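Chemist: Input file: final-v5.pdb. Contents: PDB, C-alpha atoms.
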```
ATOM      1  CA  MET A1251      74.564  99.764  62.528
ATOM      2  CA  ASP A1252      78.222 100.764  62.890
ATOM      3  CA  ASP A1253      77.801 103.634  60.459
ATOM      4  CA  LEU A1254      75.204 105.318  62.633
ATOM      5  CA  THR A1255      77.275 105.025  65.796
ATOM      6  CA  ALA A1256      80.022 106.992  64.067
ATOM      7  CA  VAL A1257      77.497 109.353  62.497
ATOM      8  CA  ALA A1258      75.942 110.080  65.906
ATOM      9  CA  ALA A1259      79.338 111.024  67.338
ATOM     10  CA  TRP A1260      79.976 113.306  64.370
ATOM     11  CA  MET A1261      76.515 114.855  64.727
ATOM     12  CA  SER A1262      77.222 115.692  68.341
ATOM     13  CA  GLU A1263      80.368 117.537  67.247
ATOM     14  CA  GLN A1264      78.210 119.466  64.761
ATOM     15  CA  GLN A1265      75.660 120.250  67.503
ATOM     16  CA  LEU A1266      72.999 118.169  65.735
ATOM     17  CA  GLY A1267      71.370 116.691  68.800
ATOM     18  CA  ASP A1268      72.612 114.159  71.304
ATOM     19  CA  GLY A1269      71.654 110.809  72.697
ATOM     20  CA  PRO A1270      70.704 107.657  70.817
ATOM     21  CA  VAL A1271      69.761 107.272  67.173
ATOM     22  CA  GLU A1272      66.234 105.842  67.070
ATOM     23  CA  ASN A1273      63.556 104.583  64.671
ATOM     24  CA  VAL A1274      66.107 103.532  62.052
ATOM     25  CA  SER A1275      64.678 102.297  58.746
ATOM     26  CA  GLU A1276      66.265 101.641  55.374
ATOM     27  CA  ILE A1277      65.080 103.563  52.315
ATOM     28  CA  THR A1278      65.290 101.376  49.253
ATOM     29  CA  GLY A1279      65.187 102.493  45.651
ATOM     30  CA  GLY A1280      66.864 102.147  42.306
ATOM     31  CA  THR A1281      70.354 103.105  43.448
ATOM     32  CA  GLN A1282      73.019 101.164  45.312
ATOM     33  CA  ASN A1283      73.679 104.087  47.618
ATOM     34  CA  VAL A1284      72.900 103.539  51.294
ATOM     35  CA  MET A1285      69.993 105.590  52.643
ATOM     36  CA  LEU A1286      68.672 105.401  56.194
ATOM     37  CA  ARG A1287      65.941 107.341  57.962
ATOM     38  CA  PHE A1288      66.243 107.902  61.694
ATOM     39  CA  THR A1289      65.305 110.153  64.598
ATOM     40  CA  ARG A1290      67.627 111.892  67.034
ATOM     41  CA  SER A1291      66.693 114.364  69.745
ATOM     42  CA  GLY A1292      63.191 114.515  68.319
ATOM     43  CA  ARG A1293      64.308 115.497  64.799
ATOM     44  CA  GLU A1294      64.069 113.243  61.746
ATOM     45  CA  TYR A1295      66.972 112.809  59.338
ATOM     46  CA  VAL A1296      67.821 110.924  56.175
ATOM     47  CA  PHE A1297      71.430 109.684  55.926
ATOM     48  CA  ARG A1298      72.956 109.049  52.484
ATOM     49  CA  ARG A1299      76.338 107.654  51.517
ATOM     50  CA  GLY A1300      77.764 105.683  48.596
ATOM     51  CA  PRO A1301      77.463 101.909  48.213
ATOM     52  CA  ARG A1302      78.913  99.556  50.840
ATOM     53  CA  HIS A1303      81.620  98.684  48.316
ATOM     54  CA  LEU A1304      82.605 102.129  47.107
ATOM     55  CA  ARG A1305      83.378 102.673  43.450
ATOM     56  CA  PRO A1306      86.241 105.048  42.582
ATOM     57  CA  VAL A1307      83.820 107.909  41.896
ATOM     58  CA  SER A1308      81.300 107.229  44.695
ATOM     59  CA  ASN A1309      82.473 109.908  47.117
ATOM     60  CA  LYS A1310      82.806 112.478  44.331
ATOM     61  CA  VAL A1311      79.241 111.749  43.194
ATOM     62  CA  ILE A1312      77.875 112.121  46.734
ATOM     63  CA  LEU A1313      79.644 115.461  47.194
ATOM     64  CA  ARG A1314      78.357 116.690  43.823
ATOM     65  CA  GLU A1315      74.827 115.873  45.007
ATOM     66  CA  THR A1316      75.368 117.970  48.123
ATOM     67  CA  ARG A1317      76.567 120.918  46.036
ATOM     68  CA  VAL A1318      73.362 120.795  44.000
ATOM     69  CA  LEU A1319      71.091 120.506  47.030
ATOM     70  CA  HIS A1320      72.926 123.388  48.710
ATOM     71  CA  ALA A1321      72.591 125.494  45.560
ATOM     72  CA  LEU A1322      68.856 124.798  45.270
ATOM     73  CA  ALA A1323      68.099 126.006  48.804
ATOM     74  CA  GLY A1324      65.819 129.003  48.562
ATOM     75  CA  THR A1325      64.699 128.266  44.989
ATOM     76  CA  ASP A1326      61.212 127.089  43.991
ATOM     77  CA  VAL A1327      62.585 123.729  42.815
ATOM     78  CA  PRO A1328      61.136 120.879  44.917
ATOM     79  CA  HIS A1329      64.081 119.035  46.455
ATOM     80  CA  PRO A1330      65.166 117.442  49.756
ATOM     81  CA  GLY A1331      66.546 120.007  52.175
ATOM     82  CA  LEU A1332      70.252 119.580  52.906
ATOM     83  CA  ILE A1333      71.127 119.584  56.630
ATOM     84  CA  ALA A1334      74.846 118.788  56.872
ATOM     85  CA  VAL A1335      77.713 117.258  54.906
ATOM     86  CA  CYS A1336      80.693 115.236  56.146
ATOM     87  CA  GLU A1337      83.623 115.339  53.719
ATOM     88  CA  ASP A1338      85.962 113.687  56.240
ATOM     89  CA  THR A1339      86.304 110.056  55.108
ATOM     90  CA  SER A1340      87.885 109.054  58.431
ATOM     91  CA  VAL A1341      84.490 109.258  60.172
ATOM     92  CA  LEU A1342      83.152 106.191  58.352
ATOM     93  CA  GLY A1343      86.516 104.792  57.340
ATOM     94  CA  ASP A1344      86.162 105.457  53.621
ATOM     95  CA  ALA A1345      82.894 107.171  52.711
ATOM     96  CA  VAL A1346      81.708 110.766  52.760
ATOM     97  CA  PHE A1347      78.037 111.241  53.642
ATOM     98  CA  TYR A1348      75.327 113.789  54.162
ATOM     99  CA  LEU A1349      72.142 114.338  56.128
ATOM    100  CA  MET A1350      68.974 115.744  54.626
ATOM    101  CA  GLU A1351      65.385 116.437  55.591
ATOM    102  CA  PRO A1352      62.959 113.545  55.097
ATOM    103  CA  VAL A1353      60.451 114.009  52.290
ATOM    104  CA  ASP A1354      56.778 113.371  53.005
ATOM    105  CA  GLY A1355      56.045 111.663  49.719
ATOM    106  CA  PHE A1356      56.057 108.442  47.714
ATOM    107  CA  ASN A1357      57.804 107.068  44.643
ATOM    108  CA  ALA A1358      55.194 106.503  41.922
ATOM    109  CA  GLY A1359      57.589 104.260  40.041
ATOM    110  CA  ALA A1360      57.102 101.669  42.755
ATOM    111  CA  THR A1361      53.623 102.215  44.191
ATOM    112  CA  LEU A1362      50.480 104.336  44.066
ATOM    113  CA  PRO A1363      48.425 105.092  47.180
ATOM    114  CA  ALA A1364      44.714 104.356  46.942
ATOM    115  CA  LEU A1365      43.944 108.042  46.326
ATOM    116  CA  HIS A1366      46.185 108.236  43.262
ATOM    117  CA  ALA A1367      45.405 104.734  41.991
ATOM    118  CA  GLY A1368      41.689 105.463  42.070
ATOM    119  CA  ASP A1369      41.627 108.933  40.492
ATOM    120  CA  ALA A1370      42.627 109.410  36.843
ATOM    121  CA  GLY A1371      42.382 113.181  37.282
ATOM    122  CA  ILE A1372      45.099 113.116  39.927
ATOM    123  CA  ARG A1373      47.300 110.887  37.752
ATOM    124  CA  HIS A1374      46.830 113.302  34.844
ATOM    125  CA  GLU A1375      47.956 116.209  37.006
ATOM    126  CA  MET A1376      50.951 114.244  38.373
ATOM    127  CA  GLY A1377      52.623 114.353  34.976
ATOM    128  CA  LEU A1378      51.923 118.051  34.595
ATOM    129  CA  SER A1379      53.432 118.662  38.028
ATOM    130  CA  MET A1380      56.528 116.740  36.937
ATOM    131  CA  ALA A1381      56.856 118.932  33.849
ATOM    132  CA  GLU A1382      56.453 122.078  35.939
ATOM    133  CA  ALA A1383      59.037 120.946  38.512
ATOM    134  CA  VAL A1384      61.725 120.276  35.915
ATOM    135  CA  ALA A1385      60.951 123.559  34.144
ATOM    136  CA  LYS A1386      61.605 125.347  37.428
ATOM    137  CA  LEU A1387      64.933 123.523  37.705
ATOM    138  CA  GLY A1388      65.903 124.608  34.207
ATOM    139  CA  ALA A1389      64.979 128.203  35.040
ATOM    140  CA  VAL A1390      67.487 128.477  37.916
ATOM    141  CA  ASP A1391      70.490 130.674  37.130
ATOM    142  CA  HIS A1392      73.286 128.170  37.772
ATOM    143  CA  VAL A1393      75.938 130.883  37.981
ATOM    144  CA  ALA A1394      73.987 132.892  40.540
ATOM    145  CA  VAL A1395      73.539 129.844  42.826
ATOM    146  CA  GLY A1396      77.238 128.949  42.763
ATOM    147  CA  LEU A1397      77.361 126.210  40.114
ATOM    148  CA  ALA A1398      79.336 128.041  37.415
ATOM    149  CA  ASP A1399      82.086 125.392  37.540
ATOM    150  CA  PHE A1400      79.808 122.366  38.024
ATOM    151  CA  GLY A1401      79.904 121.177  34.415
ATOM    152  CA  LYS A1402      81.303 121.919  30.963
ATOM    153  CA  PRO A1403      78.438 123.408  28.973
ATOM    154  CA  GLU A1404      80.645 124.552  26.087
ATOM    155  CA  GLY A1405      80.121 122.031  23.278
ATOM    156  CA  PHE A1406      77.672 119.995  25.374
ATOM    157  CA  LEU A1407      75.293 119.187  22.524
ATOM    158  CA  GLU A1408      78.109 118.544  20.032
ATOM    159  CA  ARG A1409      79.682 115.988  22.393
ATOM    160  CA  GLN A1410      76.598 113.846  22.919
ATOM    161  CA  VAL A1411      76.472 111.666  19.789
ATOM    162  CA  PRO A1412      80.216 110.850  19.613
ATOM    163  CA  ARG A1413      80.339 110.295  23.371
ATOM    164  CA  TRP A1414      77.538 107.747  23.379
ATOM    165  CA  LEU A1415      78.519 106.013  20.135
ATOM    166  CA  SER A1416      81.930 105.497  21.765
ATOM    167  CA  GLU A1417      80.219 104.092  24.868
ATOM    168  CA  LEU A1418      78.226 101.652  22.740
ATOM    169  CA  GLU A1419      81.372 100.591  20.887
ATOM    170  CA  SER A1420      83.102  99.912  24.226
ATOM    171  CA  TYR A1421      80.584  97.169  25.025
ATOM    172  CA  SER A1422      82.266  94.932  22.421
ATOM    173  CA  GLY A1423      84.900  94.306  25.076
ATOM    174  CA  PHE A1424      82.449  92.271  27.178
ATOM    175  CA  GLU A1425      82.798  88.530  26.719
ATOM    176  CA  ASN A1426      79.800  86.767  25.132
ATOM    177  CA  TYR A1427      78.116  90.044  24.188
ATOM    178  CA  PRO A1428      76.898  89.556  20.589
ATOM    179  CA  GLY A1429      76.684  93.258  19.789
ATOM    180  CA  PRO A1430      73.900  95.826  19.899
ATOM    181  CA  ASP A1431      70.844  94.400  18.146
ATOM    182  CA  ILE A1432      68.784  97.461  19.081
ATOM    183  CA  GLY A1433      67.684  99.111  15.834
ATOM    184  CA  ASP A1434      69.264 101.537  13.379
ATOM    185  CA  VAL A1435      71.629 103.365  15.709
ATOM    186  CA  ASP A1436      73.512 105.000  12.841
ATOM    187  CA  ALA A1437      70.330 106.503  11.360
ATOM    188  CA  VAL A1438      69.433 108.059  14.712
ATOM    189  CA  ALA A1439      72.976 109.353  15.191
ATOM    190  CA  ARG A1440      73.032 110.936  11.714
ATOM    191  CA  TRP A1441      69.658 112.599  12.263
ATOM    192  CA  LEU A1442      70.772 114.023  15.602
ATOM    193  CA  GLN A1443      73.936 115.484  14.123
ATOM    194  CA  HIS A1444      72.140 116.953  11.090
ATOM    195  CA  ASN A1445      69.341 118.519  13.133
ATOM    196  CA  GLN A1446      71.161 119.760  16.227
ATOM    197  CA  PRO A1447      69.707 123.031  17.570
ATOM    198  CA  ARG A1448      71.881 126.004  16.661
ATOM    199  CA  GLN A1449      71.270 127.896  19.874
ATOM    200  CA  TRP A1450      70.642 126.804  23.436
ATOM    201  CA  GLN A1451      71.014 128.156  26.953
ATOM    202  CA  PRO A1452      73.061 126.293  29.587
ATOM    203  CA  GLY A1453      71.479 125.464  32.925
ATOM    204  CA  ILE A1454      71.150 122.824  35.632
ATOM    205  CA  MET A1455      70.317 119.380  34.256
ATOM    206  CA  HIS A1456      69.082 116.587  36.523
ATOM    207  CA  GLY A1457      70.322 114.047  34.003
ATOM    208  CA  ASP A1458      67.905 111.190  34.725
ATOM    209  CA  TYR A1459      64.474 112.777  34.947
ATOM    210  CA  HIS A1460      61.677 110.206  34.940
ATOM    211  CA  ALA A1461      58.735 109.213  37.104
ATOM    212  CA  ALA A1462      60.774 107.035  39.490
ATOM    213  CA  ASN A1463      63.132 109.898  40.365
ATOM    214  CA  VAL A1464      60.552 112.220  41.904
ATOM    215  CA  MET A1465      58.497 112.032  45.087
ATOM    216  CA  PHE A1466      54.812 112.901  44.978
ATOM    217  CA  SER A1467      52.577 114.254  47.727
ATOM    218  CA  PRO A1468      50.547 111.540  49.504
ATOM    219  CA  THR A1469      47.521 113.869  49.470
ATOM    220  CA  GLY A1470      47.557 115.113  45.871
ATOM    221  CA  PRO A1471      49.360 115.206  42.506
ATOM    222  CA  GLU A1472      52.166 117.613  43.402
ATOM    223  CA  VAL A1473      55.844 116.737  43.062
ATOM    224  CA  VAL A1474      57.287 117.399  46.529
ATOM    225  CA  ALA A1475      60.907 116.530  45.693
ATOM    226  CA  ILE A1476      63.124 115.678  42.756
ATOM    227  CA  VAL A1477      65.555 113.016  44.011
ATOM    228  CA  ASP A1478      68.623 111.018  42.883
ATOM    229  CA  TRP A1479      70.857 113.829  41.634
ATOM    230  CA  GLU A1480      73.770 111.535  40.738
ATOM    231  CA  MET A1481      73.826 112.467  37.041
ATOM    232  CA  CYS A1482      73.295 116.199  37.561
ATOM    233  CA  THR A1483      75.501 118.585  35.572
ATOM    234  CA  ILE A1484      75.445 121.890  33.749
ATOM    235  CA  GLY A1485      74.208 121.197  30.257
ATOM    236  CA  ASP A1486      71.036 121.777  28.265
ATOM    237  CA  PRO A1487      68.026 121.511  30.601
ATOM    238  CA  LEU A1488      65.726 120.726  27.668
ATOM    239  CA  LEU A1489      67.292 117.267  27.638
ATOM    240  CA  ASP A1490      65.547 116.669  30.997
ATOM    241  CA  LEU A1491      62.192 117.361  29.352
ATOM    242  CA  GLY A1492      63.214 115.136  26.443
ATOM    243  CA  TRP A1493      64.165 112.406  28.931
ATOM    244  CA  MET A1494      60.762 112.656  30.576
ATOM    245  CA  LEU A1495      59.043 112.411  27.194
ATOM    246  CA  ALA A1496      61.244 109.500  26.078
ATOM    247  CA  THR A1497      60.206 107.472  29.132
ATOM    248  CA  TRP A1498      56.564 108.619  29.222
ATOM    249  CA  TYR A1499      53.697 106.263  28.435
ATOM    250  CA  LEU A1500      52.391 106.607  24.883
ATOM    251  CA  PRO A1501      48.950 105.148  24.069
ATOM    252  CA  GLY A1502      49.229 102.007  21.977
ATOM    253  CA  THR A1503      52.821 101.307  23.018
ATOM    254  CA  GLU A1504      54.520  99.328  25.753
ATOM    255  CA  SER A1505      56.028 101.209  28.689
ATOM    256  CA  VAL A1506      59.761 101.715  28.222
ATOM    257  CA  LEU A1507      60.532 100.717  31.817
ATOM    258  CA  THR A1508      58.431  98.898  34.377
ATOM    259  CA  ASN A1509      56.725 101.690  36.280
ATOM    260  CA  VAL A1510      53.492 101.681  38.276
ATOM    261  CA  LEU A1511      52.452 105.200  37.264
ATOM    262  CA  MET A1512      53.180 104.659  33.571
ATOM    263  CA  ASP A1513      51.048 101.514  33.599
ATOM    264  CA  ALA A1514      48.132 103.059  35.504
ATOM    265  CA  GLY A1515      46.579 105.075  32.674
ATOM    266  CA  GLY A1516      44.876 108.461  32.730
ATOM    267  CA  LEU A1517      48.129 110.306  32.106
ATOM    268  CA  ALA A1518      48.765 113.657  30.469
ATOM    269  CA  THR A1519      49.801 113.502  26.817
ATOM    270  CA  PRO A1520      53.301 114.500  25.707
ATOM    271  CA  ASP A1521      51.850 117.669  24.146
ATOM    272  CA  GLU A1522      50.251 118.581  27.475
ATOM    273  CA  LEU A1523      53.563 118.010  29.273
ATOM    274  CA  VAL A1524      55.369 120.319  26.849
ATOM    275  CA  ALA A1525      52.631 122.947  27.216
ATOM    276  CA  ARG A1526      52.930 122.910  31.024
ATOM    277  CA  TYR A1527      56.726 123.180  30.791
ATOM    278  CA  ALA A1528      56.312 126.122  28.418
ATOM    279  CA  GLN A1529      54.345 128.025  31.065
ATOM    280  CA  HIS A1530      57.405 128.024  33.344
ATOM    281  CA  THR A1531      60.269 128.689  30.951
ATOM    282  CA  THR A1532      61.598 131.268  28.518
ATOM    283  CA  ARG A1533      63.338 128.561  26.482
ATOM    284  CA  ASP A1534      62.471 127.860  22.844
ATOM    285  CA  LEU A1535      60.724 124.471  22.739
ATOM    286  CA  SER A1536      60.428 124.203  18.959
ATOM    287  CA  ASP A1537      63.173 121.530  18.844
ATOM    288  CA  ILE A1538      61.783 119.373  21.654
ATOM    289  CA  ASP A1539      61.520 116.374  19.305
ATOM    290  CA  TRP A1540      65.293 116.564  18.867
ATOM    291  CA  TYR A1541      65.825 116.435  22.621
ATOM    292  CA  THR A1542      63.423 113.491  22.919
ATOM    293  CA  VAL A1543      65.329 111.586  20.242
ATOM    294  CA  LEU A1544      68.641 112.392  21.963
ATOM    295  CA  ALA A1545      67.198 111.125  25.245
ATOM    296  CA  CYS A1546      66.071 107.868  23.581
ATOM    297  CA  PHE A1547      69.537 107.488  22.032
ATOM    298  CA  LYS A1548      71.509 108.240  25.202
ATOM    299  CA  LEU A1549      69.325 106.337  27.679
ATOM    300  CA  GLY A1550      69.048 103.379  25.310
ATOM    301  CA  ILE A1551      72.823 103.085  25.072
ATOM    302  CA  ILE A1552      73.202 103.433  28.854
ATOM    303  CA  LEU A1553      70.667 100.639  29.462
ATOM    304  CA  GLU A1554      72.226  98.383  26.821
ATOM    305  CA  GLY A1555      75.388  98.520  28.908
ATOM    306  CA  SER A1556      73.630  96.401  31.530
ATOM    307  CA  ASN A1557      72.764  93.863  28.835
ATOM    308  CA  ALA A1558      76.420  93.714  27.793
ATOM    309  CA  ARG A1559      77.538  93.289  31.417
ATOM    310  CA  ALA A1560      74.918  90.571  31.936
ATOM    311  CA  ALA A1561      76.243  88.679  28.900
ATOM    312  CA  ALA A1562      79.667  88.652  30.558
ATOM    313  CA  GLY A1563      78.218  87.527  33.888
ATOM    314  CA  TYR A1564      78.588  90.858  35.685
ATOM    315  CA  ALA A1565      74.852  91.464  36.095
ATOM    316  CA  PRO A1566      71.800  89.166  36.383
ATOM    317  CA  LYS A1567      70.558  87.920  33.021
ATOM    318  CA  GLU A1568      66.951  88.898  33.764
ATOM    319  CA  ILE A1569      68.009  92.517  34.338
ATOM    320  CA  GLY A1570      70.058  92.532  31.152
ATOM    321  CA  ASP A1571      67.124  91.114  29.177
ATOM    322  CA  ARG A1572      64.641  93.622  30.639
ATOM    323  CA  LEU A1573      66.864  96.627  29.979
ATOM    324  CA  HIS A1574      67.670  95.378  26.468
ATOM    325  CA  ILE A1575      63.935  95.387  25.714
ATOM    326  CA  ALA A1576      63.746  98.947  27.067
ATOM    327  CA  THR A1577      66.607  99.955  24.757
ATOM    328  CA  VAL A1578      64.853  98.453  21.738
ATOM    329  CA  ARG A1579      61.678 100.382  22.617
ATOM    330  CA  LEU A1580      63.624 103.621  23.035
ATOM    331  CA  PHE A1581      65.204 103.287  19.590
ATOM    332  CA  GLN A1582      61.783 102.421  18.134
ATOM    333  CA  ARG A1583      60.498 105.710  19.601
ATOM    334  CA  ALA A1584      63.436 107.626  18.201
ATOM    335  CA  LEU A1585      62.982 106.170  14.722
ATOM    336  CA  ALA A1586      59.233 106.871  14.829
ATOM    337  CA  ILE A1587      59.903 110.531  15.638
ATOM    338  CA  ILE A1588      62.487 111.034  12.891
ATOM    339  CA  GLY A1589      60.224 109.276  10.398
TER     340      GLY A1589
END
```
For this file, produce the structure as structure tokens.
Modeler:
Amino acid sequence: MDDLTAVAAWMSEQQLGDGPVENVSEITGGTQNVMLRFTRSGREYVFRRGPRHLRPVSNKVILRETRVLHALAGTDVPHPGLIAVCEDTSVLGDAVFYLMEPVDGFNAGATLPALHAGDAGIRHEMGLSMAEAVAKLGAVDHVAVGLADFGKPEGFLERQVPRWLSELESYSGFENYPGPDIGDVDAVARWLQHNQPRQWQPGIMHGDYHAANVMFSPTGPEVVAIVDWEMCTIGDPLLDLGWMLATWYLPGTESVLTNVLMDAGGLATPDELVARYAQHTTRDLSDIDWYTVLACFKLGIILEGSNARAAAGYAPKEIGDRLHIATVRLFQRALAIIG
């Protein structure tokens, strides 16, 4: 691959080995970013860059990811280790990129090894490990690790409902989109605005925390890395826990998104997830239902965007239909919580 020829030359300049790049394999997942695993001079690397056809923000997003990974070095948050960053777009012609340590783990959104598939006790503990990992993230002092200017926490909660109602309204510009038939959006929005927590503490937010965005140990239930930091910012970390709860399997309901772990059974209950989080935080969790409703509201609107784009022919219809169903289920959850 042409990319790796250029990357190898750059690596040599950085004193990251020499000789050929070997054992190249593609890492696939839910994002359009390019990820390759390879070996050079006996050391394994993972290469990550934006999509082949870069969007205007692709390079900025990649560099924001590297800032987070650099900041998390030395913390107890499970994450891929950052090795090196190339901000010089001339190396690959247009894209920045970075190299990180490979993670010895698997994505439970896509598959379960025999050990995990066959042991409900392990699956139960996997969820608790997820809750613990994201609590540790929320406990990091973002100022102390150099992320004071990484987001705009002032007014973060106040901005959420107007921001996402505006996003939903923007979908009316897509041709053939009939409008959001997804439940009582206005009732959820009103409830969120009337019940917003009065006090909260800013911190690092992953922004898309669910079972397909972590890697689990192949030999047990532990989360070995939180991955896909594209939506990371400084905001209210309790929204990450709410996001996890919004997408978690609830007995007697359909899974919000197709996910092997969520469909496997034997999982921790939402109350157990909150209790495990509570063991690793000093934050007040009494308003966690509010954060879960906000997560349902925000994620539902984001996913409905794919349905709107599919109606206009910009995304496959089957993806639009599947994500529309997920949006409907998210708003059903929100309405059930607010009663």
Chemist: Write out as a Markdown table the residues of range 1469-1565 of chain A that have any atom within 10 Å of an atom of range 1399-1422 of chain A, one row each with the nearest atom pair and its distance in Å to one decimal, counting all atoms listed in the file, sorted by chain and then rising number.
Modeler:
```
| residue | atom | partner | partner_atom | distance |
| --- | --- | --- | --- | --- |
| A:Cys1482 | CA | A:Gly1401 | CA | 8.9 |
| A:Thr1483 | CA | A:Gly1401 | CA | 5.2 |
| A:Ile1484 | CA | A:Gly1401 | CA | 4.6 |
| A:Gly1485 | CA | A:Pro1403 | CA | 4.9 |
| A:Asp1486 | CA | A:Phe1406 | CA | 7.5 |
| A:Leu1489 | CA | A:Leu1407 | CA | 9.7 |
| A:Tyr1541 | CA | A:Leu1407 | CA | 9.9 |
| A:Leu1544 | CA | A:Gln1410 | CA | 8.1 |
| A:Phe1547 | CA | A:Trp1414 | CA | 8.1 |
| A:Lys1548 | CA | A:Trp1414 | CA | 6.3 |
| A:Leu1549 | CA | A:Trp1414 | CA | 9.4 |
| A:Gly1550 | CA | A:Leu1418 | CA | 9.7 |
| A:Ile1551 | CA | A:Leu1418 | CA | 6.1 |
| A:Ile1552 | CA | A:Glu1417 | CA | 8.1 |
| A:Glu1554 | CA | A:Leu1418 | CA | 8.0 |
| A:Gly1555 | CA | A:Tyr1421 | CA | 6.6 |
| A:Ser1556 | CA | A:Tyr1421 | CA | 9.6 |
| A:Asn1557 | CA | A:Tyr1421 | CA | 9.3 |
| A:Ala1558 | CA | A:Tyr1421 | CA | 6.1 |
| A:Arg1559 | CA | A:Tyr1421 | CA | 8.1 |
```
Chemist: Taking all atoms of range 1544-1563 of chain A that the file lists and extending 8 Å past them on each side, where is the centre of the axis-aligned box and how long are its edges? Answer in Å to one decimal, as AutoDock Vina command-line options.
Modeler:
```
--center_x 72.9 --center_y 100.0 --center_z 27.9 --size_x 29.6 --size_y 40.9 --size_z 27.9
```
Chemist: List every protein, DNA or RNA residue that has an atom no more than 12 Å from (69.6, 113.7, 12.5) in the file's coordinate frame, counting only C-alpha atoms, and report them as a PDB file with C-alpha atoms, keeping the file's coordinate frame.
Modeler:
```pdb
ATOM      1  CA  VAL A1411      76.472 111.666  19.789  1.00  0.00           C
ATOM      2  CA  VAL A1435      71.629 103.365  15.709  1.00  0.00           C
ATOM      3  CA  ASP A1436      73.512 105.000  12.841  1.00  0.00           C
ATOM      4  CA  ALA A1437      70.330 106.503  11.360  1.00  0.00           C
ATOM      5  CA  VAL A1438      69.433 108.059  14.712  1.00  0.00           C
ATOM      6  CA  ALA A1439      72.976 109.353  15.191  1.00  0.00           C
ATOM      7  CA  ARG A1440      73.032 110.936  11.714  1.00  0.00           C
ATOM      8  CA  TRP A1441      69.658 112.599  12.263  1.00  0.00           C
ATOM      9  CA  LEU A1442      70.772 114.023  15.602  1.00  0.00           C
ATOM     10  CA  GLN A1443      73.936 115.484  14.123  1.00  0.00           C
ATOM     11  CA  HIS A1444      72.140 116.953  11.090  1.00  0.00           C
ATOM     12  CA  ASN A1445      69.341 118.519  13.133  1.00  0.00           C
ATOM     13  CA  GLN A1446      71.161 119.760  16.227  1.00  0.00           C
ATOM     14  CA  PRO A1447      69.707 123.031  17.570  1.00  0.00           C
ATOM     15  CA  ASP A1537      63.173 121.530  18.844  1.00  0.00           C
ATOM     16  CA  ASP A1539      61.520 116.374  19.305  1.00  0.00           C
ATOM     17  CA  TRP A1540      65.293 116.564  18.867  1.00  0.00           C
ATOM     18  CA  TYR A1541      65.825 116.435  22.621  1.00  0.00           C
ATOM     19  CA  VAL A1543      65.329 111.586  20.242  1.00  0.00           C
ATOM     20  CA  LEU A1544      68.641 112.392  21.963  1.00  0.00           C
ATOM     21  CA  PHE A1547      69.537 107.488  22.032  1.00  0.00           C
ATOM     22  CA  ALA A1584      63.436 107.626  18.201  1.00  0.00           C
ATOM     23  CA  LEU A1585      62.982 106.170  14.722  1.00  0.00           C
ATOM     24  CA  ILE A1587      59.903 110.531  15.638  1.00  0.00           C
ATOM     25  CA  ILE A1588      62.487 111.034  12.891  1.00  0.00           C
ATOM     26  CA  GLY A1589      60.224 109.276  10.398  1.00  0.00           C
TER      27      GLY A1589
END
```
Chemist: Of the residues A:Leu1286, A:Leu1378, A:Val1341, A:Leu1535, which is the one nearest to Pro1520 in chain A, using all atoms listed in the file?
Modeler: A:Leu1378
Chemist: Would you pick out the contacts of Asp1326 in chain A at 8 Å or less, using only C-alpha atoms, so that residues sharing its chain but fewer than 2 positions from it are not included, and give the list as a list in words?
Modeler: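 Within the cut-off, the hits are Gly1324, Pro1328 and Lys1386 of chain A.
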Chemist: Convert the current residue selection to file output with C-alpha atoms, as a PDB file, in the coordinates of the input.
Modeler:
```pdb
ATOM      1  CA  GLY A1324      65.819 129.003  48.562  1.00  0.00           C
ATOM      2  CA  PRO A1328      61.136 120.879  44.917  1.00  0.00           C
ATOM      3  CA  LYS A1386      61.605 125.347  37.428  1.00  0.00           C
TER       4      LYS A1386
END
```
Chemist: How many Å lie between CA of Arg1448 in chain A and CA of Leu1397 in chain A, rounded to one decimal?
Modeler: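 According to the coordinates, CA of Arg1448 in chain A and CA of Leu1397 in chain A are separated by 24.1 Å.
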Chemist: Could you tell me how far CA of Phe1347 in chain A sits from CA of Lys1310 in chain A, in Å to one decimal place?
Modeler: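 Between CA of Lys1310 in chain A and CA of Phe1347 in chain A the gap works out to 10.5 Å.
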Chemist: Point out the residue among A:Ala1561, A:Ala1586, A:Leu1507, A:Leu1491 with the least atom-to-atom distance to Thr1542 in chain A, counting all atoms listed in the file.
Modeler: A:Leu1491
Chemist: So, with only C-alpha atoms as the atoms that count, which of A:Val1335, A:Gly1388, A:Pro1487, A:Gln1282 lies closest to Arg1314 in chain A?
Modeler: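 Between A:Val1335, A:Gly1388, A:Pro1487, A:Gln1282, the residue approaching Arg1314 in chain A most closely is A:Val1335.
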Chemist: Quick check on the file I pasted: which residues fall under the PyMOL selection byres ((chain A and resi 1471) around 12)? Write them as a PyMOL selection string.
Modeler: chain A and resi 1355-1358+1362-1363+1365-1367+1369-1380+1382-1383+1464-1470+1472-1474+1511+1517
Chemist: State, in Å with one decimal place, the distance from CA of Ala1381 in chain A to CA of Ile1333 in chain A.
Modeler: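 Taking CA of Ala1381 in chain A as the start and CA of Ile1333 in chain A as the end point, the length is 26.9 Å.
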Chemist: Return as number ranges by chain the set of residues that the PyMOL selection byres ((chain A and resi 1477) around 10) yields on the displayed structure.
Modeler: A: 1315, 1319, 1328-1330, 1353, 1357, 1456, 1458-1459, 1462-1465, 1474-1476, 1478-1480
Chemist: Compare A:Ala1560, A:Ile1312, A:Val1395, A:Leu1349 by their minimum atom-to-atom distance to Phe1288 in chain A, counting only C-alpha atoms, and give me the closest one.
Modeler: A:Leu1349
Chemist: Find the residue from A:Thr1289, A:Asn1283, A:Ser1308, A:Gln1451 that sits nearest to Leu1254 in chain A; use all atoms listed in the file when measuring.
Modeler: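 Checking each of A:Thr1289, A:Asn1283, A:Ser1308, A:Gln1451 against Leu1254 in chain A, counting all atoms listed in the file, the winner is A:Thr1289.
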